[in-house]
Amino acid sequence: MRTSPMGRAGLTIALSAIMLTMACSGGSSSTEASPTLPQRGETVKLDPARFSTTIDNTFMPLVPGTQMTYRGTDEEGTVSTITVTVTDQTKKIANGVTARVVRDTAREDGKIVEDTRDWFAQDDHGNVWYLGEDTATFENGKLDSTEGSFEAGVDGAQAGVAMPADPKPGLAYRQEYYKGHAEDNGQVLSTREMVDVKKGHYSSVLLTKDTSTTDPDMLEYKFYAPGVGNVLILDIAGGSEREELASVKKVPAGTATGPLGHPDD
């Protein structure tokens with residue numbers, strides 16, 4: 001899954017605010033892992049009949065036709081615009097599960113720098129699973145790399161959990177696994193945060209800590225508002241960017257379904 005970073009200038013303030021909020025709200029940093037969610041490189045066998053492309057998890061609702069725009073800033077003053085569109089497209093993944101296609105396009109100075117198709121499905125317990133991505137980065141308008149692309153069921157890649165059905169402080173889980181390429185992990189820190197972003201104020205917000213086995217220096221905090229989804233990402237280590245929700249709107253069927261690099265074609 002594409003990740004985003006936060007400016008160092010606001011790092012100390014942001015960390016202090018997070019710790020203070022958690023102290024006041026009773027958030028926990030327990031490391032107890034759930035025995036029912038996948039960990040690290042553990043092999044999982046998913047029954048396609050128990051999955052749906054209707055994704056209504058409280059903290060990650062993915063309703064076709066929803067487009068969320070984020071504003072990213074880093075310590076050097078670079079501003080990026082990230083558009084996340086829940087498309088009306090689906091894709092049958094190699095492991096047999098049919099997934100919802102979510103388009104994630106990042107631009108700087110109006111030019112696409114990264115474009116990704118992410119694949120999600122929800123199981124019958126309400127867990128949202130991440131099944132891979134088709135991703136490309138661009139430089140000066142030209143394709144630079146497709147590194148990071150993977151599909152569950154291909155070359156040993158495994159599905160992971162993007163959002164648990166019942167997130168509780170201390171719950172840990174694998175988000176994605178493609179050995180040596182994509183090994184991300186998540187842990188719930190709190191479900192009682194408050195966040196202010198460009199889009200507005202949110203309460204009862206879920207806070208997760210995201211890490212990467214392949215990049216041990218990477219640490220992100222992500223905030224998810226009930227009924228909305230991801231509203232803020234702070235890159236605490238391994239990067240220097242803040243990404244916040246700026247707007248949400250409905251878009252017509254067929255939006256953001258073009259080829260990589262040309263989402264609206």
# chains A, B, ... in the order shown; residues from 1 in each chain; ligands from 1

$ closest_atom_pairs --of "segment 65-184 of chain A" --to "segment 215-220 of chain A" --cutoff "12 Å" --atoms "only C-alpha atoms" --output "Markdown table"
| residue | atom | partner | partner_atom | distance |
| --- | --- | --- | --- | --- |
| A:Gly180 | CA | A:Asp215 | CA | 9.8 |
| A:His181 | CA | A:Asp215 | CA | 9.8 |
| A:Ala182 | CA | A:Asp215 | CA | 9.5 |
| A:Glu183 | CA | A:Asp215 | CA | 8.6 |
| A:Asp184 | CA | A:Asp215 | CA | 8.9 |

$ closest_residue --among "A:Thr116, A:Asn95, A:Thr36, A:Gln89" --to "Gly153 of chain A" --atoms "only C-alpha atoms"
A:Asn95

$ residues_around --residues "segment 117-134 of chain A" --least-positions-apart "6" --cutoff "8 Å" --atoms "only C-alpha atoms" --output "JSON, numbers by chain"
{"A": [1, 50, 51, 52, 53, 54, 55, 56, 57, 60, 91, 93, 97, 98, 99, 100, 101, 102, 103, 104, 146, 148, 149, 150, 151, 152, 158, 159, 160, 161, 162, 163, 164, 165, 166, 175, 176]}

$ select_by_dssp --residues "segment 30-237 of chain A" --states "strand (DSSP E)" --output "ChimeraX atom specification"
/A:51-52,55-57,60-62,66-74,79-92,98-108,111-123,128-139,142-145,150-151,160-163,172-178,182-197,200-212,219-225,229-237

$ write_last_selection --atoms "C-alpha atoms" --output "short mmCIF file (atom, residue, chain, number, x, y, z; two decimals), in the first residue's frame"
data_model
loop_
_atom_site.label_atom_id
_atom_site.label_comp_id
_atom_site.auth_asym_id
_atom_site.auth_seq_id
_atom_site.Cartn_x
_atom_site.Cartn_y
_atom_site.Cartn_z
CA PHE A 51 -15.33 -12.57 0.58
CA SER A 52 -17.19 -9.65 -0.94
CA ILE A 55 -16.67 -3.09 1.86
CA ASP A 56 -18.49 -1.42 4.75
CA ASN A 57 -16.00 -1.73 7.62
CA MET A 60 -12.44 1.62 6.00
CA PRO A 61 -15.67 1.98 4.00
CA LEU A 62 -14.86 1.64 0.31
CA THR A 66 -16.23 7.88 -3.59
CA GLN A 67 -13.18 10.05 -4.28
CA MET A 68 -10.99 11.33 -1.45
CA THR A 69 -8.34 13.99 -2.04
CA TYR A 70 -5.37 14.38 0.31
CA ARG A 71 -2.78 17.14 0.63
CA GLY A 72 0.79 16.08 1.32
CA THR A 73 3.60 18.35 2.55
CA ASP A 74 7.22 17.67 3.48
CA VAL A 79 3.26 19.93 -1.89
CA SER A 80 1.60 16.85 -3.36
CA THR A 81 -2.01 16.00 -4.15
CA ILE A 82 -3.15 12.42 -3.70
CA THR A 83 -6.46 11.30 -5.17
CA VAL A 84 -7.95 8.02 -3.95
CA THR A 85 -10.94 6.78 -5.96
CA VAL A 86 -13.03 3.73 -5.11
CA THR A 87 -13.80 2.55 -8.63
CA ASP A 88 -16.68 0.48 -9.96
CA GLN A 89 -14.13 -2.07 -11.19
CA THR A 90 -13.36 -5.45 -9.64
CA LYS A 91 -10.53 -7.89 -10.25
CA LYS A 92 -10.26 -11.63 -9.64
CA THR A 98 -12.56 -11.07 -6.24
CA ALA A 99 -11.41 -7.63 -5.08
CA ARG A 100 -12.55 -4.03 -5.32
CA VAL A 101 -10.14 -1.83 -7.33
CA VAL A 102 -9.14 1.41 -5.62
CA ARG A 103 -7.13 3.94 -7.65
CA ASP A 104 -4.44 5.95 -5.84
CA THR A 105 -2.78 8.74 -7.84
CA ALA A 106 -0.15 11.14 -6.49
CA ARG A 107 0.75 14.38 -8.27
CA GLU A 108 3.36 17.09 -7.77
CA LYS A 111 2.24 15.91 -12.83
CA ILE A 112 1.68 12.28 -11.88
CA VAL A 113 4.57 10.88 -9.83
CA GLU A 114 2.91 7.63 -8.70
CA ASP A 115 -0.18 5.77 -9.86
CA THR A 116 -1.53 2.59 -8.28
CA ARG A 117 -4.40 0.15 -8.48
CA ASP A 118 -4.94 -1.37 -5.03
CA TRP A 119 -7.07 -4.48 -4.48
CA PHE A 120 -9.30 -4.94 -1.42
CA ALA A 121 -12.02 -7.38 -0.31
CA GLN A 122 -13.96 -7.86 2.92
CA ASP A 123 -14.47 -11.21 4.62
CA VAL A 128 -10.81 -5.78 5.07
CA TRP A 129 -8.05 -7.66 3.28
CA TYR A 130 -5.35 -6.22 1.04
CA LEU A 131 -4.63 -8.47 -1.93
CA GLY A 132 -1.91 -6.57 -3.78
CA GLU A 133 -1.27 -3.66 -6.08
CA ASP A 134 -0.36 -2.73 -9.62
CA THR A 135 1.83 0.33 -9.17
CA ALA A 136 4.04 2.61 -11.24
CA THR A 137 6.22 5.64 -10.51
CA PHE A 138 6.91 8.38 -13.05
CA GLU A 139 9.67 10.92 -13.57
CA LYS A 142 7.84 8.96 -18.15
CA LEU A 143 7.49 5.56 -16.51
CA ASP A 144 10.33 5.09 -14.02
CA SER A 145 9.56 1.88 -12.15
CA PHE A 150 2.51 -7.81 -6.33
CA GLU A 151 -0.56 -10.05 -6.31
CA GLY A 160 -2.78 -9.19 4.51
CA VAL A 161 -5.29 -7.25 6.59
CA ALA A 162 -5.81 -3.58 5.79
CA MET A 163 -8.37 -3.05 8.55
CA ALA A 172 -1.25 -6.62 15.58
CA TYR A 173 -1.45 -8.02 12.05
CA ARG A 174 0.31 -8.34 8.72
CA GLN A 175 -0.84 -5.85 6.09
CA GLU A 176 0.94 -7.35 3.08
CA TYR A 177 3.60 -9.94 2.32
CA TYR A 178 5.76 -10.37 -0.74
CA ALA A 182 6.42 -5.76 0.51
CA GLU A 183 6.39 -6.79 4.17
CA ASP A 184 4.25 -4.24 6.02
CA ASN A 185 2.74 -4.68 9.47
CA GLY A 186 0.12 -2.81 11.47
CA GLN A 187 -0.77 -2.46 15.14
CA VAL A 188 -3.73 -0.71 16.74
CA LEU A 189 -2.66 1.88 19.34
CA SER A 190 -5.97 3.55 20.17
CA THR A 191 -9.57 3.92 19.06
CA ARG A 192 -10.28 7.18 20.95
CA GLU A 193 -8.26 9.87 19.17
CA MET A 194 -9.35 13.31 17.97
CA VAL A 195 -7.97 14.74 14.73
CA ASP A 196 -8.23 18.07 12.92
CA VAL A 197 -7.42 18.11 9.22
CA GLY A 200 -12.70 18.94 9.34
CA HIS A 201 -12.68 17.64 12.92
CA TYR A 202 -13.07 13.94 13.74
CA SER A 203 -13.46 12.10 17.03
CA SER A 204 -13.42 8.42 18.08
CA VAL A 205 -10.58 8.06 15.59
CA LEU A 206 -8.57 4.85 15.22
CA LEU A 207 -4.78 5.22 15.45
CA THR A 208 -2.47 2.56 14.01
CA LYS A 209 1.29 2.18 13.96
CA ASP A 210 2.61 0.89 10.63
CA THR A 211 6.06 -0.64 10.21
CA SER A 212 7.96 -2.52 7.51
CA LEU A 219 7.40 4.21 11.11
CA GLU A 220 4.02 5.75 10.30
CA TYR A 221 1.01 6.72 12.34
CA LYS A 222 -2.30 6.49 10.49
CA PHE A 223 -5.63 7.87 11.67
CA TYR A 224 -9.01 6.48 10.55
CA ALA A 225 -12.33 8.23 11.26
CA GLY A 229 -11.65 6.06 6.54
CA ASN A 230 -8.09 7.34 6.50
CA VAL A 231 -7.95 11.06 7.39
CA LEU A 232 -4.30 11.59 8.36
CA ILE A 233 -0.89 9.97 7.88
CA LEU A 234 2.22 11.07 9.78
CA ASP A 235 5.55 9.66 8.69
CA ILE A 236 7.43 9.57 11.98
CA ALA A 237 10.63 7.88 10.79
#

$ closest_residue --among "A:Thr58, A:Lys179, A:Val251, A:Pro48" --to "Gly227 of chain A" --atoms "only C-alpha atoms"
A:Thr58

$ closest_residue --among "A:Asp265, A:Glu75, A:Lys199, A:Leu46" --to "Lys249 of chain A" --atoms "only C-alpha atoms"
A:Lys199

$ select_by_dssp --residues "segment 15-152 of chain A" --states "helix (DSSP H, G or I)" --output "compact mmCIF listing (two decimals) with N, CA and C atoms, in the first residue's frame"
# COMPACT_ATOMS: atom_id res chain seq x y z
N LEU A 15 4.19 14.36 17.74
CA LEU A 15 4.39 13.25 18.65
C LEU A 15 3.86 13.56 20.04
N SER A 16 4.11 14.79 20.50
CA SER A 16 3.62 15.19 21.81
C SER A 16 2.11 15.16 21.86
N ALA A 17 1.48 15.67 20.78
CA ALA A 17 0.02 15.69 20.72
C ALA A 17 -0.55 14.28 20.72
N ILE A 18 0.09 13.38 19.97
CA ILE A 18 -0.38 12.00 19.91
C ILE A 18 -0.29 11.34 21.27
N MET A 19 0.87 11.49 21.95
CA MET A 19 1.07 10.86 23.24
C MET A 19 0.11 11.44 24.28
N LEU A 20 -0.11 12.77 24.24
CA LEU A 20 -1.01 13.41 25.18
C LEU A 20 -2.44 12.91 24.97
N THR A 21 -2.85 12.84 23.71
CA THR A 21 -4.21 12.38 23.42
C THR A 21 -4.40 10.95 23.89
N MET A 22 -3.39 10.10 23.64
CA MET A 22 -3.50 8.70 24.05
C MET A 22 -3.56 8.59 25.56
N ALA A 23 -2.78 9.43 26.28
CA ALA A 23 -2.78 9.39 27.72
C ALA A 23 -4.16 9.78 28.27
N CYS A 24 -4.76 10.78 27.65
CA CYS A 24 -6.07 11.25 28.10
C CYS A 24 -7.18 10.28 27.73
N SER A 25 -7.02 9.60 26.60
CA SER A 25 -8.10 8.75 26.10
C SER A 25 -8.02 7.32 26.59
N PRO A 48 -12.68 -17.95 -1.23
CA PRO A 48 -13.29 -16.86 -2.01
C PRO A 48 -14.78 -16.67 -1.72
N ALA A 49 -15.46 -17.75 -1.35
CA ALA A 49 -16.90 -17.67 -1.08
C ALA A 49 -17.21 -16.83 0.15
N ARG A 50 -16.20 -16.59 0.98
CA ARG A 50 -16.42 -15.83 2.22
C ARG A 50 -16.00 -14.37 2.07
